[in-house]
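K.L.:
Starting off with a structure, shown below.
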Amino acid sequence: MNQTKSHGIVDIIGQDLFKWLSNEFNEETRLKDVPEAILDRVRSVDITIRDYAGNRNAITSIALITFAYKMADKVQNPKYGSNDMLLLKVLAKNERLRREGNPVSPHRLWDAPLYELITREVGEKIRATKFMTNPF
């Protein structure tokens with residue numbers, strides 16, 4: 001009989017990062033406020049695999065997206081999960097470049113709260129777009 005211990009979401013993400021997601025990620029949080037470890041995980045997600053069950057980076061991304069939807073009082077549609085992850089990946093990559101001193105777009109939305117970027121205008125446009133990972 002297999003005696004492996006099942007790991008919960010908190011164990012997979014890590015207690016410190018889950019604590020940040022559940023306690024510090026809020027309506028005021030901007031990309032610049034996201035911990036480096038979370039940005040690194042989000043940037044590393046392979047959105048083409050579609051089976052994220054054991055993938056720590058994907059689970060961290062999904063948790064962040066889930067908290068964002070809860071803040072916006074919106075329901076996630078699994079059909080658009082890969083689009084949300086793609087958006088988050090692009091946002092994380094650009095934030096990483098900003099932190100390295102590279103110029104970023106002066107567009108007003110870059111400084112919008114992160115949950116709004118995911119759930120409102122920008123996210124809605126991304127969810128309406130067909131990608132190879134989500135041709136619906």
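Residues in the structure tokens are named by chain (A, B, ... in the order shown) and by number from 1 within that chain; ligands are numbered from 1 in the order shown.
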Find the residues near Arg30 (chain A): any atom within 8 Å, counting only C-alpha atoms, skip ones fewer than 4 places away on the same chain, and give them as a ChimeraX atom specification.
P.N.:
/A:34,111-114
K.L.:
Restricted to N, CA and C atoms, what would the selected residues look like written as a short mmCIF file (atom, residue, chain, number, x, y, z; two decimals), in the first residue's frame?
P.N.:
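Saved the output as out.cif:
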```cif
data_model
loop_
_atom_site.label_atom_id
_atom_site.label_comp_id
_atom_site.auth_asym_id
_atom_site.auth_seq_id
_atom_site.Cartn_x
_atom_site.Cartn_y
_atom_site.Cartn_z
N VAL A 34 3.92 42.53 -5.72
CA VAL A 34 3.91 41.07 -5.72
C VAL A 34 5.33 40.56 -5.40
N ASP A 111 -0.30 50.51 -13.80
CA ASP A 111 -0.30 50.78 -12.36
C ASP A 111 -1.66 50.53 -11.73
N ALA A 112 -2.55 49.85 -12.44
CA ALA A 112 -3.86 49.50 -11.89
C ALA A 112 -3.70 48.37 -10.88
N PRO A 113 -4.65 48.25 -9.98
CA PRO A 113 -4.60 47.09 -9.06
C PRO A 113 -4.58 45.78 -9.86
N LEU A 114 -3.79 44.83 -9.38
CA LEU A 114 -3.60 43.58 -10.10
C LEU A 114 -4.91 42.83 -10.32
#
```
K.L.:
Among region 35-92 of chain A, which residues does DSSP mark as helix (DSSP H, G or I) when it is run on the backbone? Keep the chain and numbering as in the structure and answer as an NGL selection string.
P.N.:
:A and (36-44 or 56-71 or 78-92)
K.L.:
Write the selection just made, keeping N, CA, C and O atoms, as a compact mmCIF listing (two decimals), in the first residue's frame?
P.N.:
```txt
# COMPACT_ATOMS: atom_id res chain seq x y z
N GLU A 36 8.74 38.59 -5.31
CA GLU A 36 9.58 38.06 -6.39
C GLU A 36 9.34 36.57 -6.62
O GLU A 36 9.28 36.11 -7.76
N ALA A 37 9.19 35.81 -5.54
CA ALA A 37 9.00 34.36 -5.67
C ALA A 37 7.71 34.03 -6.43
O ALA A 37 7.69 33.10 -7.23
N ILE A 38 6.67 34.80 -6.21
CA ILE A 38 5.42 34.57 -6.94
C ILE A 38 5.59 34.96 -8.40
O ILE A 38 5.16 34.23 -9.29
N LEU A 39 6.21 36.09 -8.65
CA LEU A 39 6.46 36.50 -10.05
C LEU A 39 7.27 35.44 -10.79
O LEU A 39 6.96 35.12 -11.94
N ASP A 40 8.29 34.90 -10.14
CA ASP A 40 9.12 33.88 -10.79
C ASP A 40 8.31 32.64 -11.13
O ASP A 40 8.46 32.07 -12.22
N ARG A 41 7.45 32.22 -10.23
CA ARG A 41 6.63 31.04 -10.50
C ARG A 41 5.66 31.29 -11.65
O ARG A 41 5.49 30.45 -12.53
N VAL A 42 5.01 32.44 -11.60
CA VAL A 42 4.03 32.78 -12.64
C VAL A 42 4.71 32.85 -14.01
O VAL A 42 4.18 32.34 -15.00
N ARG A 43 5.88 33.46 -14.06
CA ARG A 43 6.61 33.57 -15.33
C ARG A 43 7.02 32.21 -15.86
O ARG A 43 7.19 32.04 -17.07
N SER A 44 7.18 31.24 -14.99
CA SER A 44 7.68 29.92 -15.38
C SER A 44 6.60 28.93 -15.80
O SER A 44 6.92 27.82 -16.22
N ARG A 56 3.73 23.19 -9.19
CA ARG A 56 3.75 24.24 -8.16
C ARG A 56 3.59 25.64 -8.75
O ARG A 56 2.88 26.48 -8.19
N ASN A 57 4.23 25.89 -9.88
CA ASN A 57 4.12 27.21 -10.51
C ASN A 57 2.70 27.48 -10.99
O ASN A 57 2.15 28.58 -10.78
N ALA A 58 2.09 26.50 -11.62
CA ALA A 58 0.73 26.65 -12.12
C ALA A 58 -0.26 26.81 -10.96
O ALA A 58 -1.17 27.65 -11.03
N ILE A 59 -0.08 26.04 -9.91
CA ILE A 59 -0.99 26.12 -8.77
C ILE A 59 -0.88 27.49 -8.10
O ILE A 59 -1.89 28.07 -7.69
N THR A 60 0.32 28.03 -8.02
CA THR A 60 0.50 29.38 -7.48
C THR A 60 -0.22 30.41 -8.35
O THR A 60 -0.92 31.29 -7.84
N SER A 61 -0.09 30.28 -9.66
CA SER A 61 -0.77 31.19 -10.58
C SER A 61 -2.29 31.09 -10.45
O SER A 61 -2.99 32.10 -10.40
N ILE A 62 -2.78 29.86 -10.40
CA ILE A 62 -4.22 29.64 -10.28
C ILE A 62 -4.74 30.23 -8.97
O ILE A 62 -5.82 30.84 -8.93
N ALA A 63 -3.98 30.07 -7.89
CA ALA A 63 -4.38 30.64 -6.60
C ALA A 63 -4.47 32.17 -6.69
O ALA A 63 -5.45 32.77 -6.23
N LEU A 64 -3.48 32.80 -7.28
CA LEU A 64 -3.49 34.25 -7.42
C LEU A 64 -4.71 34.69 -8.25
O LEU A 64 -5.43 35.62 -7.87
N ILE A 65 -4.97 34.01 -9.34
CA ILE A 65 -6.11 34.34 -10.21
C ILE A 65 -7.42 34.13 -9.44
O ILE A 65 -8.34 34.96 -9.51
N THR A 66 -7.50 33.06 -8.67
CA THR A 66 -8.71 32.77 -7.88
C THR A 66 -8.97 33.87 -6.86
O THR A 66 -10.10 34.35 -6.72
N PHE A 67 -7.93 34.30 -6.15
CA PHE A 67 -8.10 35.40 -5.19
C PHE A 67 -8.53 36.68 -5.91
O PHE A 67 -9.35 37.44 -5.38
N ALA A 68 -7.99 36.94 -7.09
CA ALA A 68 -8.36 38.14 -7.85
C ALA A 68 -9.85 38.11 -8.21
O ALA A 68 -10.56 39.12 -8.06
N TYR A 69 -10.32 36.98 -8.67
CA TYR A 69 -11.74 36.86 -9.01
C TYR A 69 -12.63 37.04 -7.78
O TYR A 69 -13.68 37.66 -7.85
N LYS A 70 -12.20 36.50 -6.65
CA LYS A 70 -12.98 36.67 -5.42
C LYS A 70 -13.05 38.14 -5.03
O LYS A 70 -14.09 38.62 -4.60
N MET A 71 -11.94 38.86 -5.16
CA MET A 71 -11.94 40.29 -4.85
C MET A 71 -12.91 41.06 -5.74
O MET A 71 -13.54 42.01 -5.30
N PRO A 78 -13.71 28.15 -16.13
CA PRO A 78 -12.55 27.30 -16.45
C PRO A 78 -12.17 27.32 -17.92
O PRO A 78 -11.01 27.11 -18.27
N LYS A 79 -13.12 27.59 -18.76
CA LYS A 79 -12.88 27.65 -20.20
C LYS A 79 -11.79 28.69 -20.54
O LYS A 79 -11.06 28.53 -21.50
N TYR A 80 -11.69 29.73 -19.72
CA TYR A 80 -10.72 30.80 -19.99
C TYR A 80 -9.50 30.76 -19.08
O TYR A 80 -8.73 31.71 -19.03
N GLY A 81 -9.32 29.65 -18.38
CA GLY A 81 -8.20 29.55 -17.45
C GLY A 81 -6.84 29.79 -18.10
O GLY A 81 -5.99 30.48 -17.54
N SER A 82 -6.63 29.21 -19.27
CA SER A 82 -5.31 29.39 -19.91
C SER A 82 -5.12 30.83 -20.36
O SER A 82 -4.00 31.34 -20.36
N ASN A 83 -6.20 31.52 -20.72
CA ASN A 83 -6.08 32.93 -21.10
C ASN A 83 -5.70 33.77 -19.88
O ASN A 83 -4.84 34.66 -19.96
N ASP A 84 -6.34 33.49 -18.72
CA ASP A 84 -5.99 34.21 -17.50
C ASP A 84 -4.54 33.95 -17.12
O ASP A 84 -3.82 34.87 -16.72
N MET A 85 -4.09 32.70 -17.27
CA MET A 85 -2.71 32.38 -16.93
C MET A 85 -1.73 33.05 -17.89
O MET A 85 -0.66 33.50 -17.48
N LEU A 86 -2.11 33.13 -19.16
CA LEU A 86 -1.26 33.81 -20.14
C LEU A 86 -1.14 35.29 -19.79
O LEU A 86 -0.04 35.86 -19.80
N LEU A 87 -2.25 35.92 -19.46
CA LEU A 87 -2.22 37.33 -19.07
C LEU A 87 -1.32 37.51 -17.86
O LEU A 87 -0.45 38.40 -17.85
N LEU A 88 -1.49 36.69 -16.85
CA LEU A 88 -0.69 36.81 -15.64
C LEU A 88 0.79 36.60 -15.93
O LEU A 88 1.65 37.30 -15.40
N LYS A 89 1.08 35.67 -16.81
CA LYS A 89 2.47 35.40 -17.20
C LYS A 89 3.10 36.63 -17.88
O LYS A 89 4.23 37.01 -17.57
N VAL A 90 2.37 37.26 -18.78
CA VAL A 90 2.86 38.46 -19.47
C VAL A 90 3.06 39.61 -18.47
O VAL A 90 4.07 40.31 -18.51
N LEU A 91 2.09 39.77 -17.57
CA LEU A 91 2.21 40.83 -16.56
C LEU A 91 3.44 40.59 -15.68
O LEU A 91 4.20 41.53 -15.40
N ALA A 92 3.65 39.34 -15.25
CA ALA A 92 4.80 39.02 -14.40
C ALA A 92 6.12 39.23 -15.14
O ALA A 92 7.08 39.75 -14.57
```
K.L.:
Gly8 (chain A): which residues within 12 Å, counting only C-alpha atoms, same-chain residues fewer than 6 positions away excluded, as a list in words?
P.N.:
Gly14, Gln15, Phe18, Ala53, Gly54, Arg56 and Ile59 of chain A
K.L.:
Dump N, CA, C and O atoms for the selected residues as a short mmCIF file (atom, residue, chain, number, x, y, z; two decimals), in the first residue's frame?
P.N.:
```
data_model
loop_
_atom_site.label_atom_id
_atom_site.label_comp_id
_atom_site.auth_asym_id
_atom_site.auth_seq_id
_atom_site.Cartn_x
_atom_site.Cartn_y
_atom_site.Cartn_z
N GLY A 14 3.48 26.79 -0.57
CA GLY A 14 4.41 27.21 0.48
C GLY A 14 3.67 28.14 1.43
O GLY A 14 2.91 29.01 1.00
N GLN A 15 3.88 27.95 2.72
CA GLN A 15 3.14 28.69 3.71
C GLN A 15 3.32 30.20 3.59
O GLN A 15 2.35 30.96 3.68
N PHE A 18 1.50 31.47 0.42
CA PHE A 18 0.05 31.38 0.58
C PHE A 18 -0.44 32.43 1.57
O PHE A 18 -1.50 33.02 1.38
N ALA A 53 -2.11 19.86 -12.14
CA ALA A 53 -2.32 19.28 -10.81
C ALA A 53 -1.06 19.22 -9.95
O ALA A 53 -1.11 19.53 -8.77
N GLY A 54 0.05 18.82 -10.50
CA GLY A 54 1.26 18.69 -9.69
C GLY A 54 2.27 19.79 -9.92
O GLY A 54 3.38 19.70 -9.45
N ARG A 56 3.73 23.19 -9.19
CA ARG A 56 3.75 24.24 -8.16
C ARG A 56 3.59 25.64 -8.75
O ARG A 56 2.88 26.48 -8.19
N ILE A 59 -0.08 26.04 -9.91
CA ILE A 59 -0.99 26.12 -8.77
C ILE A 59 -0.88 27.49 -8.10
O ILE A 59 -1.89 28.07 -7.69
#
```
K.L.:
Go ahead and compute the interatomic distance for CA of Thr119 (chain A) and CA of Ser22 (chain A), in Å to one decimal.
P.N.:
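Here the two named atoms are 17.5 Å from each other.
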K.L.:
For the atom pair CA of Asn102 (chain A) and CA of Asp16 (chain A), what is the interatomic distance in Å to one decimal place?
P.N.:
28.4 Å
